[in-house]
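A.B. asks: Please read through the structure below; I'll follow up with questions.
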Amino acid sequence: VRPVQVSQLQQRFELAPRSQLAEAVVDKVNEVLAGHEAATCTRRMQPGELLLEVEGVGPPIALLSPEWSQKLASGFKVSAVRRHLEYEQLQACLGLEESFDLEQLWRWTDQKELVGKCVLYKPFAHEYF
């Protein structure tokens, strides 16, 4: 996260590539945020996480964890990694809400899986005549 923060400051304010000012600002902001998070008992979401809440409570769901991104880089098939991630995501959601199902998960994480599941409106189908 830090390199992205520094890069954003460098580009936005036209700073030098190795700007000590940008690095100092990022360090100070992260320090203040960490202090605020500790004082309020909150947790900042990490890149690649999605927060699904049911009645104000919910675990962060990893959309792509470092473990699975490494497996992708080592040659695992994308479809295999996707299914493993779906399983882990569904288990996290089931721990929160027992009636949670895969289609509910797909609404948040993989909407293309829902395409074959929905009923399309067909105005010229025989049942409408």
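For the structure tokens, the naming scheme is as follows: chains receive sequential letters (A, B, ...) according to their order of presentation, residues are indexed from 1 within each chain, and ligands are indexed from 1 in presentation order.
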So that I can see what lies close to Glu53 (chain A), please list as a PDB file with N, CA, C and O atoms, in the first residue's frame the residues with an atom at most 9 Å from it, counting only C-alpha atoms and leaving out residues fewer than 6 positions away in the same chain.

C.D. replies:
ATOM      1  N   PRO A  59     -17.261 -10.536   8.461  1.00  0.00           N
ATOM      2  CA  PRO A  59     -15.823 -10.694   8.277  1.00  0.00           C
ATOM      3  C   PRO A  59     -15.386 -10.099   6.944  1.00  0.00           C
ATOM      4  O   PRO A  59     -16.175 -10.031   5.999  1.00  0.00           O
ATOM      5  N   PRO A  60     -14.140  -9.673   6.851  1.00  0.00           N
ATOM      6  CA  PRO A  60     -13.645  -9.290   5.532  1.00  0.00           C
ATOM      7  C   PRO A  60     -13.456 -10.549   4.679  1.00  0.00           C
ATOM      8  O   PRO A  60     -12.973 -11.567   5.166  1.00  0.00           O
ATOM      9  N   LEU A  96     -21.090 -16.625   9.429  1.00  0.00           N
ATOM     10  CA  LEU A  96     -21.844 -15.444   9.831  1.00  0.00           C
ATOM     11  C   LEU A  96     -23.347 -15.669   9.715  1.00  0.00           C
ATOM     12  O   LEU A  96     -24.112 -15.280  10.572  1.00  0.00           O
TER      13      LEU A  96
END

A.B. asks: Check the DSSP output for the backbone and give back, as a list in words, the residues of chain A in strand (DSSP E).

C.D. replies: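 Across chain A, those assigned strand (DSSP E) are Glu49, Leu50, Leu51, Pro60, Ile61 and Ala62 of chain A.
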
A.B. asks: Just want the 12 Å neighbourhood of Leu51 (chain A), counted on only C-alpha atoms, with same-chain residues fewer than 5 positions away dropped. Output as a ChimeraX atom specification.

C.D. replies: /A:43-46,56-63,89,92-93,105,108-109

A.B. asks: Out of A:Leu102, A:Pro66, A:Arg2, A:Glu88, which residue has the shortest atom-to-atom distance to Glu31 (chain A) when counting only C-alpha atoms?

C.D. replies: A:Arg2

A.B. asks: Using only C-alpha atoms, which of A:Phe13, A:Phe100, A:Trp106, A:Trp68 sits nearest Val81 (chain A)?

C.D. replies: A:Trp68

A.B. asks: Taking the chain letters and numbering used in this document, name the residues of region 7-119 of chain A that DSSP puts in alpha helix (DSSP H), as a PyMOL selection string.

C.D. replies: chain A and resi 7-12+20-40+66-73+78-96+102-109

A.B. asks: Pick the closest to Gly48 (chain A) from A:Leu90, A:Leu9, A:Val4, A:Leu64: which is it, counting only C-alpha atoms?

C.D. replies: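 Nearest candidate to Gly48 (chain A) out of A:Leu90, A:Leu9, A:Val4, A:Leu64: A:Leu64.
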
A.B. asks: Using only C-alpha atoms, which of A:Gln70, A:Ser65, A:Gln91, A:Ser7 sits nearest Gln20 (chain A)?

C.D. replies: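 Selected residue with least distance to Gln20 (chain A): A:Ser7.
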
A.B. asks: Could you tell me how far CA of Glu55 (chain A) sits from CA of Gly35 (chain A), in Å to one decimal place?

C.D. replies: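 CA of Gly35 (chain A) sits 27.2 Å away from CA of Glu55 (chain A).
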
A.B. asks: Can you tell me which residues surround Gln8 (chain A) at a distance of at most 12 Å, considering only C-alpha atoms, apart from same-chain residues fewer than 4 positions away, and format the answer as a PyMOL selection string?

C.D. replies: chain A and resi 1-4+12-17+19+22-23+25-26

A.B. asks: Put those residues in a file: N, CA and C atoms, as an mmCIF file, in the first residue's frame.

C.D. replies:
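Saved result, out26.cif, follows:
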data_model
loop_
_atom_site.group_PDB
_atom_site.id
_atom_site.type_symbol
_atom_site.label_atom_id
_atom_site.label_comp_id
_atom_site.auth_asym_id
_atom_site.auth_seq_id
_atom_site.Cartn_x
_atom_site.Cartn_y
_atom_site.Cartn_z
ATOM 1 N N VAL A 1 0.826 -1.179 0.000
ATOM 2 C CA VAL A 1 0.000 0.000 0.000
ATOM 3 C C VAL A 1 0.879 1.256 0.000
ATOM 4 N N ARG A 2 1.949 1.230 0.737
ATOM 5 C CA ARG A 2 2.810 2.414 0.862
ATOM 6 C C ARG A 2 3.345 2.902 -0.488
ATOM 7 N N PRO A 3 3.862 2.018 -1.353
ATOM 8 C CA PRO A 3 4.358 2.509 -2.645
ATOM 9 C C PRO A 3 3.273 3.201 -3.486
ATOM 10 N N VAL A 4 2.055 2.719 -3.390
ATOM 11 C CA VAL A 4 0.961 3.344 -4.129
ATOM 12 C C VAL A 4 0.656 4.721 -3.555
ATOM 13 N N ARG A 12 0.305 13.533 -8.158
ATOM 14 C CA ARG A 12 -0.668 14.606 -7.912
ATOM 15 C C ARG A 12 0.012 15.958 -7.730
ATOM 16 N N PHE A 13 1.132 15.967 -7.025
ATOM 17 C CA PHE A 13 1.799 17.227 -6.709
ATOM 18 C C PHE A 13 3.094 17.426 -7.484
ATOM 19 N N GLU A 14 3.315 16.600 -8.506
ATOM 20 C CA GLU A 14 4.478 16.716 -9.386
ATOM 21 C C GLU A 14 5.785 16.746 -8.591
ATOM 22 N N LEU A 15 5.949 15.744 -7.755
ATOM 23 C CA LEU A 15 7.149 15.639 -6.926
ATOM 24 C C LEU A 15 8.188 14.770 -7.618
ATOM 25 N N ALA A 16 9.405 14.827 -7.129
ATOM 26 C CA ALA A 16 10.507 14.051 -7.687
ATOM 27 C C ALA A 16 10.249 12.553 -7.494
ATOM 28 N N PRO A 17 10.838 11.697 -8.361
ATOM 29 C CA PRO A 17 10.616 10.245 -8.253
ATOM 30 C C PRO A 17 10.974 9.671 -6.873
ATOM 31 N N SER A 19 10.971 11.307 -3.852
ATOM 32 C CA SER A 19 10.646 12.457 -3.019
ATOM 33 C C SER A 19 10.600 12.086 -1.539
ATOM 34 N N ALA A 22 7.153 13.240 -0.067
ATOM 35 C CA ALA A 22 6.050 12.294 -0.256
ATOM 36 C C ALA A 22 6.168 11.127 0.719
ATOM 37 N N GLU A 23 7.362 10.606 0.899
ATOM 38 C CA GLU A 23 7.562 9.491 1.833
ATOM 39 C C GLU A 23 7.269 9.906 3.266
ATOM 40 N N VAL A 25 5.225 12.351 4.253
ATOM 41 C CA VAL A 25 3.781 12.562 4.386
ATOM 42 C C VAL A 25 3.067 11.224 4.530
ATOM 43 N N VAL A 26 3.421 10.261 3.715
ATOM 44 C CA VAL A 26 2.798 8.937 3.790
ATOM 45 C C VAL A 26 3.070 8.294 5.145
#
